[in-house]
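Participant: For reference, this is data_7.tsv, and it has TSV, C-alpha atoms.
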```tsv
chain	number	residue	atom	x	y	z
A	1	MET	CA	108.54	88.87	99.15
A	2	PRO	CA	109.25	90.04	95.57
A	3	PHE	CA	112.74	89.04	94.51
A	4	GLU	CA	113.72	92.68	93.86
A	5	TYR	CA	113.29	93.54	97.54
A	6	PHE	CA	115.04	90.35	98.63
A	7	ILE	CA	118.09	91.05	96.47
A	8	GLY	CA	118.12	94.74	97.42
A	9	GLY	CA	118.17	93.78	101.09
A	10	ARG	CA	121.03	91.33	100.49
A	11	TYR	CA	123.04	94.05	98.73
A	12	LEU	CA	122.68	96.31	101.75
A	13	ARG	CA	124.13	93.57	103.99
A	14	THR	CA	127.51	93.50	102.22
A	15	ARG	CA	130.25	91.13	103.16
A	16	GLN	CA	133.45	92.10	104.95
A	17	LYS	CA	135.41	92.66	101.73
A	18	HIS	CA	132.92	95.33	100.75
A	19	ALA	CA	133.12	97.07	104.12
A	20	PHE	CA	133.83	100.44	102.45
A	21	ILE	CA	130.39	100.38	100.83
A	22	SER	CA	128.89	99.59	104.23
A	23	LEU	CA	130.73	102.59	105.71
A	24	ILE	CA	129.30	104.89	103.02
A	25	THR	CA	125.84	103.43	103.67
A	26	PHE	CA	126.21	104.11	107.40
A	27	LEU	CA	127.38	107.67	106.75
A	28	SER	CA	124.43	108.20	104.40
A	29	ILE	CA	121.97	107.06	107.09
A	30	ALA	CA	123.71	109.23	109.68
A	31	GLY	CA	123.67	112.25	107.34
A	32	VAL	CA	119.94	111.95	106.65
A	33	ALA	CA	119.21	111.41	110.35
A	34	VAL	CA	121.23	114.46	111.45
A	35	GLY	CA	119.64	116.63	108.76
A	36	VAL	CA	116.10	115.60	109.64
A	37	MET	CA	116.77	115.97	113.38
A	38	ALA	CA	118.24	119.47	112.92
A	39	LEU	CA	115.32	120.52	110.73
A	40	ILE	CA	112.71	119.32	113.21
A	41	VAL	CA	114.39	121.01	116.19
A	42	VAL	CA	115.03	124.32	114.41
A	43	ILE	CA	111.54	124.52	112.87
A	44	ALA	CA	109.98	123.60	116.24
A	45	VAL	CA	111.96	126.36	117.98
A	46	MET	CA	111.01	128.87	115.27
A	47	ALA	CA	107.35	127.87	115.60
A	48	GLY	CA	107.69	128.23	119.37
A	49	PHE	CA	109.10	131.74	119.02
A	50	GLU	CA	106.30	132.72	116.64
A	51	SER	CA	103.60	131.25	118.89
A	52	ASP	CA	105.04	132.87	122.03
A	53	LEU	CA	105.39	136.21	120.29
A	54	LYS	CA	101.83	135.99	118.99
A	55	THR	CA	100.56	135.21	122.49
A	56	ARG	CA	102.41	138.17	124.00
A	57	ILE	CA	101.24	140.59	121.31
A	58	LEU	CA	97.61	139.48	121.61
A	59	GLY	CA	97.96	139.75	125.37
A	60	ILE	CA	98.54	143.52	125.14
A	61	GLU	CA	96.73	144.32	121.87
A	62	SER	CA	93.18	143.70	120.69
A	63	HIS	CA	92.27	141.62	117.63
A	64	ILE	CA	90.88	144.60	115.69
A	65	VAL	CA	91.27	148.36	116.11
A	66	LEU	CA	88.53	150.53	114.61
A	67	THR	CA	89.34	154.21	113.95
A	68	ARG	CA	88.08	157.17	111.94
A	69	GLN	CA	90.03	158.78	109.11
A	70	GLU	CA	88.70	162.19	110.09
A	71	GLY	CA	89.86	162.09	113.71
A	72	ASN	CA	88.26	161.15	117.01
A	73	PHE	CA	84.93	159.37	117.56
A	74	PHE	CA	82.10	161.69	118.56
A	75	ASP	CA	79.47	158.95	118.35
A	76	TYR	CA	81.43	156.01	119.70
A	77	ARG	CA	78.54	154.77	121.86
A	78	ARG	CA	76.37	154.29	118.76
A	79	VAL	CA	79.24	152.51	116.99
A	80	LEU	CA	79.71	150.21	119.99
A	81	ARG	CA	76.07	149.15	119.72
A	82	LEU	CA	76.43	148.49	115.98
A	83	ILE	CA	79.60	146.45	116.48
A	84	LYS	CA	77.84	144.08	118.86
A	85	ASP	CA	75.50	143.01	116.03
A	86	ASN	CA	78.39	141.23	114.28
A	87	GLU	CA	78.32	137.53	115.18
A	88	GLN	CA	82.14	137.30	115.26
A	89	VAL	CA	82.53	140.11	117.81
A	90	VAL	CA	82.92	138.93	121.41
A	91	ALA	CA	83.60	142.26	123.14
A	92	SER	CA	84.59	145.85	122.41
A	93	SER	CA	86.02	148.74	124.38
A	94	PRO	CA	86.76	152.44	123.57
A	95	PHE	CA	90.26	153.83	124.01
A	96	ILE	CA	92.25	157.04	123.69
A	97	SER	CA	95.84	157.12	122.48
A	98	SER	CA	98.23	160.07	122.52
A	99	GLN	CA	101.90	160.96	122.87
A	100	VAL	CA	102.72	162.65	126.20
A	101	MET	CA	105.63	163.37	128.50
A	102	LEU	CA	105.89	161.75	131.92
A	103	LYS	CA	107.83	163.57	134.61
A	104	SER	CA	108.92	162.14	137.92
A	105	GLN	CA	111.00	163.75	140.64
A	106	THR	CA	114.23	162.62	138.98
A	107	ASN	CA	113.58	161.88	135.29
A	108	VAL	CA	111.49	162.75	132.25
A	109	SER	CA	110.43	160.28	129.56
A	110	GLY	CA	108.19	160.24	126.52
A	111	ALA	CA	105.32	157.77	126.61
A	112	VAL	CA	102.24	156.56	124.78
A	113	LEU	CA	99.26	157.44	126.94
A	114	ARG	CA	96.35	155.02	126.66
A	115	GLY	CA	93.04	155.96	128.16
A	116	VAL	CA	90.92	152.83	128.62
A	117	ASP	CA	87.54	151.97	130.06
A	118	PRO	CA	88.25	149.84	133.17
A	119	ALA	CA	84.82	148.21	132.94
A	120	SER	CA	85.31	146.76	129.43
A	121	VAL	CA	89.04	146.71	128.59
A	122	GLY	CA	89.56	143.45	130.48
A	123	SER	CA	87.14	141.64	128.16
A	124	VAL	CA	89.12	142.73	125.09
A	125	VAL	CA	92.79	142.73	126.17
A	126	LYS	CA	94.00	139.62	128.01
A	127	HIS	CA	96.64	141.46	130.01
A	128	PHE	CA	94.03	143.64	131.72
A	129	ARG	CA	91.64	141.00	132.99
A	130	ASP	CA	92.65	141.88	136.53
A	131	SER	CA	89.49	142.52	138.56
A	132	SER	CA	91.25	145.29	140.50
A	133	LEU	CA	91.98	147.33	137.39
A	134	ARG	CA	89.00	149.62	138.04
A	135	ASP	CA	90.39	150.45	141.49
A	136	LYS	CA	93.85	151.21	140.08
A	137	PHE	CA	92.49	154.00	137.89
A	138	GLN	CA	90.42	155.58	140.63
A	139	ALA	CA	91.67	158.26	142.96
A	140	ALA	CA	94.22	156.86	145.38
A	141	LYS	CA	92.85	157.56	148.85
A	142	ILE	CA	96.13	158.23	150.59
A	143	SER	CA	95.14	161.30	152.59
A	144	ALA	CA	92.60	164.09	152.59
A	145	GLU	CA	94.96	166.36	150.65
A	146	GLU	CA	95.68	163.72	148.00
A	147	LEU	CA	92.16	162.45	147.64
A	148	ALA	CA	91.79	163.68	144.06
A	149	ILE	CA	94.97	162.09	142.65
A	150	PRO	CA	93.93	159.49	140.03
A	151	GLY	CA	95.86	156.31	139.39
A	152	ILE	CA	98.16	155.39	136.50
A	153	VAL	CA	99.52	151.99	135.44
A	154	LEU	CA	103.02	152.05	133.93
A	155	GLY	CA	105.03	149.53	131.99
A	156	LYS	CA	107.83	148.02	134.06
A	157	GLU	CA	110.60	149.38	131.81
A	158	LEU	CA	108.98	152.82	131.67
A	159	ALA	CA	108.77	152.90	135.47
A	160	GLY	CA	112.44	151.97	135.58
A	161	SER	CA	113.31	154.85	133.24
A	162	LEU	CA	111.39	157.26	135.45
A	163	ARG	CA	112.84	155.66	138.60
A	164	VAL	CA	109.46	155.30	140.23
A	165	ILE	CA	107.79	152.47	142.09
A	166	LYS	CA	104.25	151.72	143.10
A	167	GLY	CA	102.95	154.56	145.27
A	168	ASP	CA	105.12	157.31	143.75
A	169	THR	CA	103.66	160.25	141.87
A	170	VAL	CA	104.30	161.29	138.26
A	171	TYR	CA	103.11	164.20	136.15
A	172	ILE	CA	101.55	163.80	132.72
A	173	VAL	CA	102.47	166.72	130.46
A	174	SER	CA	100.23	166.97	127.40
A	175	PRO	CA	100.95	169.28	124.44
A	176	ARG	CA	97.20	169.92	124.13
A	177	GLY	CA	97.12	172.72	126.64
A	178	MET	CA	95.54	176.14	126.38
A	179	LEU	CA	96.35	179.54	124.95
A	180	THR	CA	97.13	182.34	127.41
A	181	PRO	CA	98.35	185.92	127.01
A	182	VAL	CA	101.90	184.60	127.43
A	183	GLY	CA	101.46	181.88	124.80
A	184	HIS	CA	100.59	178.20	124.65
A	185	ILE	CA	100.83	176.40	127.99
A	186	PRO	CA	100.81	172.59	128.01
A	187	SER	CA	98.44	170.93	130.44
A	188	MET	CA	99.89	169.03	133.38
A	189	LYS	CA	98.31	166.73	135.90
A	190	ARG	CA	99.60	164.63	138.76
A	191	PHE	CA	98.96	160.87	138.94
A	192	ARG	CA	99.89	158.22	141.45
A	193	VAL	CA	101.50	154.99	140.24
A	194	THR	CA	98.99	152.37	141.37
A	195	GLY	CA	100.29	149.45	139.34
A	196	LEU	CA	102.97	148.12	136.98
A	197	PHE	CA	102.54	145.70	134.09
A	198	GLU	CA	105.02	143.49	132.28
A	199	SER	CA	104.09	142.01	128.91
A	200	GLY	CA	107.58	140.75	128.05
A	201	MET	CA	107.72	143.06	125.00
A	202	TYR	CA	110.09	145.99	125.46
A	203	GLU	CA	108.17	148.13	122.94
A	204	TYR	CA	105.16	148.05	125.24
A	205	ASP	CA	106.79	147.84	128.67
A	206	GLY	CA	109.05	150.79	127.90
A	207	ALA	CA	106.50	153.15	126.33
A	208	TYR	CA	102.91	152.53	127.48
A	209	ALA	CA	101.08	154.20	130.36
A	210	TYR	CA	97.40	153.49	131.13
A	211	ILE	CA	94.89	155.75	132.82
A	212	GLY	CA	91.09	155.87	132.99
A	213	LEU	CA	89.15	156.99	129.92
A	214	GLN	CA	87.60	160.04	131.56
A	215	GLU	CA	90.93	161.21	132.98
A	216	ALA	CA	92.47	160.96	129.50
A	217	GLN	CA	89.64	163.01	128.02
A	218	LYS	CA	90.18	165.72	130.63
A	219	ILE	CA	93.95	166.05	130.29
A	220	LEU	CA	93.83	165.91	126.47
A	221	ARG	CA	90.85	168.30	126.35
A	222	ILE	CA	88.90	166.22	123.82
A	223	ASN	CA	85.52	166.29	125.61
A	224	ASP	CA	83.44	163.10	125.24
A	225	THR	CA	85.38	161.56	122.32
A	226	VAL	CA	87.74	158.62	121.86
A	227	SER	CA	90.55	157.72	119.47
A	228	GLY	CA	89.10	154.36	118.50
A	229	ILE	CA	87.50	151.12	119.57
A	230	GLU	CA	89.32	147.87	120.39
A	231	ILE	CA	87.49	144.70	119.37
A	232	LYS	CA	87.87	141.06	120.34
A	233	VAL	CA	86.62	138.36	117.94
A	234	LYS	CA	85.89	134.65	118.30
A	235	ASP	CA	88.42	133.42	115.75
A	236	ILE	CA	91.65	135.42	115.56
A	237	TYR	CA	92.37	133.99	112.10
A	238	LYS	CA	89.12	135.48	110.78
A	239	ALA	CA	89.90	138.91	112.20
A	240	GLU	CA	90.80	140.34	108.80
A	241	LYS	CA	87.46	139.34	107.23
A	242	THR	CA	85.59	140.58	110.30
A	243	ALA	CA	87.38	143.95	110.06
A	244	GLU	CA	86.39	144.25	106.39
A	245	LYS	CA	82.73	143.49	107.20
A	246	LEU	CA	82.70	146.08	109.97
A	247	VAL	CA	84.07	148.77	107.65
A	248	GLU	CA	81.50	147.83	104.98
A	249	SER	CA	78.63	148.08	107.46
A	250	LEU	CA	79.82	151.37	109.01
A	251	GLY	CA	81.00	152.98	105.77
A	252	PHE	CA	83.24	156.02	105.33
A	253	PRO	CA	85.18	157.43	107.22
A	254	TYR	CA	85.70	154.34	109.39
A	255	GLN	CA	88.72	152.09	108.95
A	256	ALA	CA	89.86	148.94	110.74
A	257	LYS	CA	93.11	147.05	111.14
A	258	ASP	CA	93.42	143.51	112.45
A	259	TRP	CA	96.33	142.19	114.52
A	260	THR	CA	98.08	140.67	111.47
A	261	LYS	CA	98.21	144.02	109.66
A	262	MET	CA	99.38	145.89	112.75
A	263	ASN	CA	102.30	143.44	113.14
A	264	ARG	CA	102.78	142.46	109.49
A	265	ASN	CA	106.49	143.30	109.30
A	266	LEU	CA	107.31	141.26	112.39
A	267	PHE	CA	105.41	138.14	111.39
A	268	SER	CA	106.64	138.39	107.78
A	269	ALA	CA	110.23	138.46	109.03
A	270	LEU	CA	109.60	135.39	111.21
A	271	LYS	CA	108.00	133.53	108.30
A	272	LEU	CA	110.89	134.41	105.98
A	273	GLU	CA	113.44	133.32	108.59
A	274	LYS	CA	111.63	130.02	109.07
A	275	THR	CA	111.61	129.39	105.31
A	276	VAL	CA	115.29	130.28	104.93
A	277	MET	CA	116.26	127.97	107.80
A	278	PHE	CA	114.27	125.15	106.18
A	279	ILE	CA	116.12	125.65	102.89
A	280	ILE	CA	119.56	125.90	104.51
A	281	LEU	CA	119.15	122.81	106.70
A	282	THR	CA	117.69	120.85	103.79
A	283	LEU	CA	121.16	121.11	102.25
A	284	ILE	CA	122.37	118.73	104.98
A	285	ILE	CA	119.91	116.12	103.71
A	286	LEU	CA	121.01	116.92	100.15
A	287	VAL	CA	124.63	116.19	101.05
A	288	ALA	CA	123.52	112.88	102.56
A	289	ALA	CA	121.60	112.18	99.35
A	290	PHE	CA	124.84	112.52	97.38
A	291	ASN	CA	126.32	109.90	99.71
A	292	ILE	CA	123.39	107.61	98.91
A	293	ALA	CA	123.93	108.13	95.17
A	294	SER	CA	127.68	107.43	95.46
A	295	SER	CA	127.01	104.33	97.59
A	296	LEU	CA	124.59	102.96	94.99
A	297	ILE	CA	126.96	103.74	92.11
A	298	MET	CA	129.74	101.81	93.84
A	299	MET	CA	127.28	99.01	94.53
A	300	VAL	CA	126.37	98.87	90.84
A	301	MET	CA	130.07	98.66	89.94
A	302	LYS	CA	130.61	95.84	92.43
A	303	LYS	CA	127.48	93.95	91.37
A	304	THR	CA	127.88	94.29	87.61
A	305	ARG	CA	128.25	90.49	87.13
A	306	ASP	CA	125.21	89.83	89.34
A	307	ILE	CA	123.16	92.29	87.31
A	308	GLY	CA	124.25	90.58	84.07
A	309	ILE	CA	123.23	87.16	85.42
A	310	LEU	CA	119.83	88.48	86.55
A	311	LYS	CA	119.17	90.03	83.15
A	312	ALA	CA	120.32	86.83	81.40
A	313	MET	CA	117.82	84.90	83.52
A	314	GLY	CA	115.04	87.15	82.27
A	315	ALA	CA	114.87	89.96	84.82
A	316	PRO	CA	113.50	93.09	83.06
A	317	ASN	CA	115.08	96.51	83.35
A	318	THR	CA	112.20	97.56	85.62
A	319	SER	CA	113.17	94.91	88.17
A	320	ILE	CA	116.82	95.96	88.08
A	321	ARG	CA	115.80	99.55	88.73
A	322	LYS	CA	113.55	98.45	91.60
A	323	ILE	CA	116.45	96.65	93.29
A	324	PHE	CA	118.61	99.77	93.57
A	325	ILE	CA	115.73	102.15	94.19
A	326	PHE	CA	114.69	99.90	97.07
A	327	SER	CA	118.26	99.88	98.43
A	328	GLY	CA	118.47	103.66	98.32
A	329	MET	CA	115.00	104.17	99.75
A	330	ALA	CA	115.79	101.76	102.58
A	331	ILE	CA	118.77	103.96	103.51
A	332	GLY	CA	116.65	107.10	103.25
A	333	THR	CA	113.73	105.66	105.22
A	334	VAL	CA	115.94	104.40	108.06
A	335	GLY	CA	117.77	107.73	108.21
A	336	THR	CA	114.54	109.75	108.12
A	337	SER	CA	112.93	107.57	110.80
A	338	LEU	CA	115.94	107.90	113.08
A	339	GLY	CA	116.04	111.66	112.45
A	340	VAL	CA	112.35	112.06	113.28
A	341	LEU	CA	112.72	110.05	116.50
A	342	LEU	CA	115.84	111.96	117.56
A	343	GLY	CA	114.27	115.30	116.67
A	344	LEU	CA	111.05	114.59	118.55
A	345	GLY	CA	113.01	113.30	121.55
A	346	LEU	CA	115.24	116.38	121.65
A	347	CYS	CA	112.21	118.71	121.35
A	348	ILE	CA	110.47	116.92	124.22
A	349	LEU	CA	113.63	117.25	126.36
A	350	LEU	CA	113.94	120.96	125.50
A	351	ARG	CA	110.30	121.54	126.39
A	352	ARG	CA	110.39	119.60	129.64
A	353	TYR	CA	113.79	120.37	131.14
A	354	LYS	CA	114.61	123.76	129.51
A	355	PHE	CA	118.34	123.16	129.80
A	356	ILE	CA	119.22	125.85	127.20
A	357	GLU	CA	118.97	129.28	128.81
A	358	LEU	CA	118.88	132.61	126.99
A	359	PRO	CA	120.22	135.91	128.37
A	360	GLY	CA	117.28	137.87	129.77
A	361	ASP	CA	118.83	141.24	128.88
A	362	VAL	CA	118.89	140.31	125.18
A	363	TYR	CA	115.78	138.17	124.65
A	364	TYR	CA	112.29	138.64	126.06
A	365	ILE	CA	112.29	134.97	127.08
A	366	THR	CA	114.79	133.01	129.19
A	367	THR	CA	114.47	129.54	127.61
A	368	LEU	CA	113.96	128.17	124.11
A	369	PRO	CA	110.26	127.89	123.29
A	370	VAL	CA	109.39	124.65	121.46
A	371	ARG	CA	106.19	123.98	119.56
A	372	LEU	CA	105.87	120.74	117.61
A	373	GLU	CA	103.42	120.81	114.73
A	374	ALA	CA	102.44	117.57	113.00
A	375	LEU	CA	102.37	119.24	109.58
A	376	ASP	CA	105.95	120.52	109.95
A	377	VAL	CA	107.22	117.07	110.96
A	378	PHE	CA	105.33	115.47	108.06
A	379	MET	CA	106.69	117.98	105.52
A	380	ILE	CA	110.27	117.52	106.77
A	381	GLY	CA	109.99	113.73	106.58
A	382	LEU	CA	108.38	113.90	103.13
A	383	ALA	CA	111.08	116.27	101.85
A	384	ALA	CA	113.81	113.90	103.10
A	385	ILE	CA	112.17	110.88	101.47
A	386	VAL	CA	111.72	112.71	98.15
A	387	ILE	CA	115.37	113.85	98.12
A	388	CYS	CA	116.55	110.30	98.85
A	389	PHE	CA	114.28	108.92	96.10
A	390	LEU	CA	115.69	111.38	93.55
A	391	ALA	CA	119.21	110.33	94.56
A	392	THR	CA	118.45	106.71	93.60
A	393	LEU	CA	117.20	107.40	90.07
A	394	TYR	CA	120.56	107.84	88.32
A	395	PRO	CA	122.30	104.74	89.81
A	396	ALA	CA	119.17	102.64	89.14
A	397	HIS	CA	119.04	103.87	85.54
A	398	LYS	CA	122.74	103.04	85.00
A	399	ALA	CA	122.22	99.57	86.48
A	400	SER	CA	119.27	98.82	84.20
A	401	GLY	CA	121.30	99.87	81.14
A	402	ILE	CA	124.08	97.30	81.68
A	403	ASP	CA	124.54	94.84	78.81
A	404	PRO	CA	124.24	91.32	80.30
A	405	VAL	CA	126.76	89.78	77.84
A	406	GLU	CA	129.43	92.38	78.61
A	407	ALA	CA	128.66	92.19	82.31
A	408	ILE	CA	129.12	88.40	82.48
A	409	ARG	CA	132.19	88.43	80.26
A	410	TYR	CA	134.07	91.25	82.01
A	411	GLY	CA	132.27	91.48	85.41
```
Is it possible to give me this structure as structure tokens?
Facilitator:
Amino acid sequence: MPFEYFIGGRYLRTRQKHAFISLITFLSIAGVAVGVMALIVVIAVMAGFESDLKTRILGIESHIVLTRQEGNFFDYRRVLRLIKDNEQVVASSPFISSQVMLKSQTNVSGAVLRGVDPASVGSVVKHFRDSSLRDKFQAAKISAEELAIPGIVLGKELAGSLRVIKGDTVYIVSPRGMLTPVGHIPSMKRFRVTGLFESGMYEYDGAYAYIGLQEAQKILRINDTVSGIEIKVKDIYKAEKTAEKLVESLGFPYQAKDWTKMNRNLFSALKLEKTVMFIILTLIILVAAFNIASSLIMMVMKKTRDIGILKAMGAPNTSIRKIFIFSGMAIGTVGTSLGVLLGLGLCILLRRYKFIELPGDVYYITTLPVRLEALDVFMIGLAAIVICFLATLYPAHKASGIDPVEAIRYG
């Protein structure tokens, strides 16, 4: 073992009369450990929230939405065939989207009406992979009089606002009606609630209503046209490039948005919050680094005579610096290692036992989601080590600048 590491280790194991330095060393280790542990847990929870939110959004939305700047698709079947030629495209499905009013026996509520193709929507949107979806949109065969009533699938919150349950009837009121001698009359059609869905996102559960594509075309009076095409791709992180290639191949007036652009504000806010939390909690490690610096400065003051003797025996300034850098880095490494172990252990406990519950009426989840990423843990540990290393530079520089003659005479 090089003598610098041997002496640095001896300095860390101070005698009883220097117990105050040992206390500061212990507090420095504890400070680094708490800071690293808090960082790992908070970043893991933030990553869990982001991952869970991404899963829920992609469960109700497609990866890419293709639309026309000039309005509805008149040739959407041709476009569907062209889309399939792209190697990144897995599946595609036409859809219709419009604002309507839903009326039940007791309430009225605005809604986003989505007309979807039951045969293909399940291959694009995860939430509608139910094999019985085709049956839900067909006419509900309740009786001979109600044979022609088609089905509608409502979000759970929207159904609650309308005070309807499965089997009840609702009316869709569309502003795209017809002109009569008495003025414009909105179109209205009765539907039977054949299913409810719950995505966990209030924006969707409280606003979306799904019916069959042909029924949507009839009530909106748009003939054989659609609002756009939903597309699923192989790699969700290449959706943006795939959308650009599709627009290039189709040309004007087609436009496409991937899932990151459609939810840019939300994911940008999450990313900013994660960065801010990293910076704020890093201050805990910074405070512990000041403790390391103060501990080393006091150690230099106590060991002034020892430093003078070492320099008189021929130890270069580099070796003196190594002694105190090693002492400080030993404190930082022990604290970081303890913090990483405690952080990983707490994350595993949170993931397995879910002992922290969240109010369901405030959050869309009931327990803290935890997602550990190796890169996040590595970056937190590296940041802690770098901060601790910087804290050792000034005390090590002061120790190497001590005059050996003055140190031996007055030390």
Participant: Which is closest to Pro316 (chain A) among A:Cys347, A:Ile297, A:Ala399, A:Leu246, if we use only C-alpha atoms?
Facilitator: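 Using only C-alpha atoms, Pro316 (chain A) sits closest to A:Ala399.
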Participant: Give me, as a VMD selection string, all polymer residues having an atom no more than 9 Å from Asn263 (chain A), counting only C-alpha atoms and skipping those fewer than 5 positions away in the same chain.
Facilitator: chain A and resid 57 258 268
Participant: Record the distance separating CA of Ser294 (chain A) and CA of Asp306 (chain A), expressed in Å with one decimal.
Facilitator: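 Going from CA of Ser294 (chain A) over to CA of Asp306 (chain A) covers 18.8 Å.
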Participant: Between CA of Leu158 (chain A) and CA of Pro94 (chain A), what distance in Å does the model show, to one decimal?
Facilitator: 23.7 Å
Participant: In Å, how far is it from CA of Asn317 (chain A) to CA of Ile402 (chain A)?
Facilitator: 9.2 Å
Participant: Near region 214-229 of chain A, within 9 Å and counting all atoms listed in the file, which residues show up once chain neighbours fewer than 5 positions away are dropped, as a ChimeraX atom specification?
Facilitator: /A:64-68,71-76,79-80,92-98,113-117,137,150,172-177,187-189
Participant: Pull C-alpha atoms from the residues just selected and write them as a PDB file, in the coordinates of the input.
Facilitator:
```
ATOM      1  CA  ILE A  64      90.880 144.600 115.690  1.00  0.00           C
ATOM      2  CA  VAL A  65      91.270 148.360 116.110  1.00  0.00           C
ATOM      3  CA  LEU A  66      88.530 150.530 114.610  1.00  0.00           C
ATOM      4  CA  THR A  67      89.340 154.210 113.950  1.00  0.00           C
ATOM      5  CA  ARG A  68      88.080 157.170 111.940  1.00  0.00           C
ATOM      6  CA  GLY A  71      89.860 162.090 113.710  1.00  0.00           C
ATOM      7  CA  ASN A  72      88.260 161.150 117.010  1.00  0.00           C
ATOM      8  CA  PHE A  73      84.930 159.370 117.560  1.00  0.00           C
ATOM      9  CA  PHE A  74      82.100 161.690 118.560  1.00  0.00           C
ATOM     10  CA  ASP A  75      79.470 158.950 118.350  1.00  0.00           C
ATOM     11  CA  TYR A  76      81.430 156.010 119.700  1.00  0.00           C
ATOM     12  CA  VAL A  79      79.240 152.510 116.990  1.00  0.00           C
ATOM     13  CA  LEU A  80      79.710 150.210 119.990  1.00  0.00           C
ATOM     14  CA  SER A  92      84.590 145.850 122.410  1.00  0.00           C
ATOM     15  CA  SER A  93      86.020 148.740 124.380  1.00  0.00           C
ATOM     16  CA  PRO A  94      86.760 152.440 123.570  1.00  0.00           C
ATOM     17  CA  PHE A  95      90.260 153.830 124.010  1.00  0.00           C
ATOM     18  CA  ILE A  96      92.250 157.040 123.690  1.00  0.00           C
ATOM     19  CA  SER A  97      95.840 157.120 122.480  1.00  0.00           C
ATOM     20  CA  SER A  98      98.230 160.070 122.520  1.00  0.00           C
ATOM     21  CA  LEU A 113      99.260 157.440 126.940  1.00  0.00           C
ATOM     22  CA  ARG A 114      96.350 155.020 126.660  1.00  0.00           C
ATOM     23  CA  GLY A 115      93.040 155.960 128.160  1.00  0.00           C
ATOM     24  CA  VAL A 116      90.920 152.830 128.620  1.00  0.00           C
ATOM     25  CA  ASP A 117      87.540 151.970 130.060  1.00  0.00           C
ATOM     26  CA  PHE A 137      92.490 154.000 137.890  1.00  0.00           C
ATOM     27  CA  PRO A 150      93.930 159.490 140.030  1.00  0.00           C
ATOM     28  CA  ILE A 172     101.550 163.800 132.720  1.00  0.00           C
ATOM     29  CA  VAL A 173     102.470 166.720 130.460  1.00  0.00           C
ATOM     30  CA  SER A 174     100.230 166.970 127.400  1.00  0.00           C
ATOM     31  CA  PRO A 175     100.950 169.280 124.440  1.00  0.00           C
ATOM     32  CA  ARG A 176      97.200 169.920 124.130  1.00  0.00           C
ATOM     33  CA  GLY A 177      97.120 172.720 126.640  1.00  0.00           C
ATOM     34  CA  SER A 187      98.440 170.930 130.440  1.00  0.00           C
ATOM     35  CA  MET A 188      99.890 169.030 133.380  1.00  0.00           C
ATOM     36  CA  LYS A 189      98.310 166.730 135.900  1.00  0.00           C
TER      37      LYS A 189
END
```
Participant: Using all atoms listed in the file, find the one residue out of A:Gly328, A:Gly122, A:Gly200, A:Gly308 that sits nearest to Gly8 (chain A).
Facilitator: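 Selected residue with least distance to Gly8 (chain A): A:Gly328.
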Participant: Determine the nearest neighbour of Ile323 (chain A) from the options A:Pro359, A:Pro2, A:Gly151, A:Gly345, counting all atoms listed in the file.
Facilitator: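 With all atoms listed in the file as the atom set, the closest residue is A:Pro2.
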Participant: Might you pull out every residue within 8 Å of Gly167 (chain A), with only C-alpha atoms counted and same-chain residues fewer than 3 positions away left off, and present them as a list in words?
Facilitator: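 Near neighbours after the sequence-gap exclusion: Arg192, Val193 and Thr194 of chain A.
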Participant: Using all atoms listed in the file, which residue out of A:Ala243, A:Ala207, A:Val45, A:Leu346 lies closest to Glu230 (chain A)?
Facilitator: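 Among A:Ala243, A:Ala207, A:Val45, A:Leu346, it is A:Ala243 that comes nearest to Glu230 (chain A).
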Participant: At a cut-off of 12 Å, using all atoms listed in the file, what residues contact Gly335 (chain A)? Leave out same-chain residues fewer than 4 positions from it and give the result as a ChimeraX atom specification.
Facilitator: /A:25-37,285,288-289,292,328-331,339-343,381,384-385,388
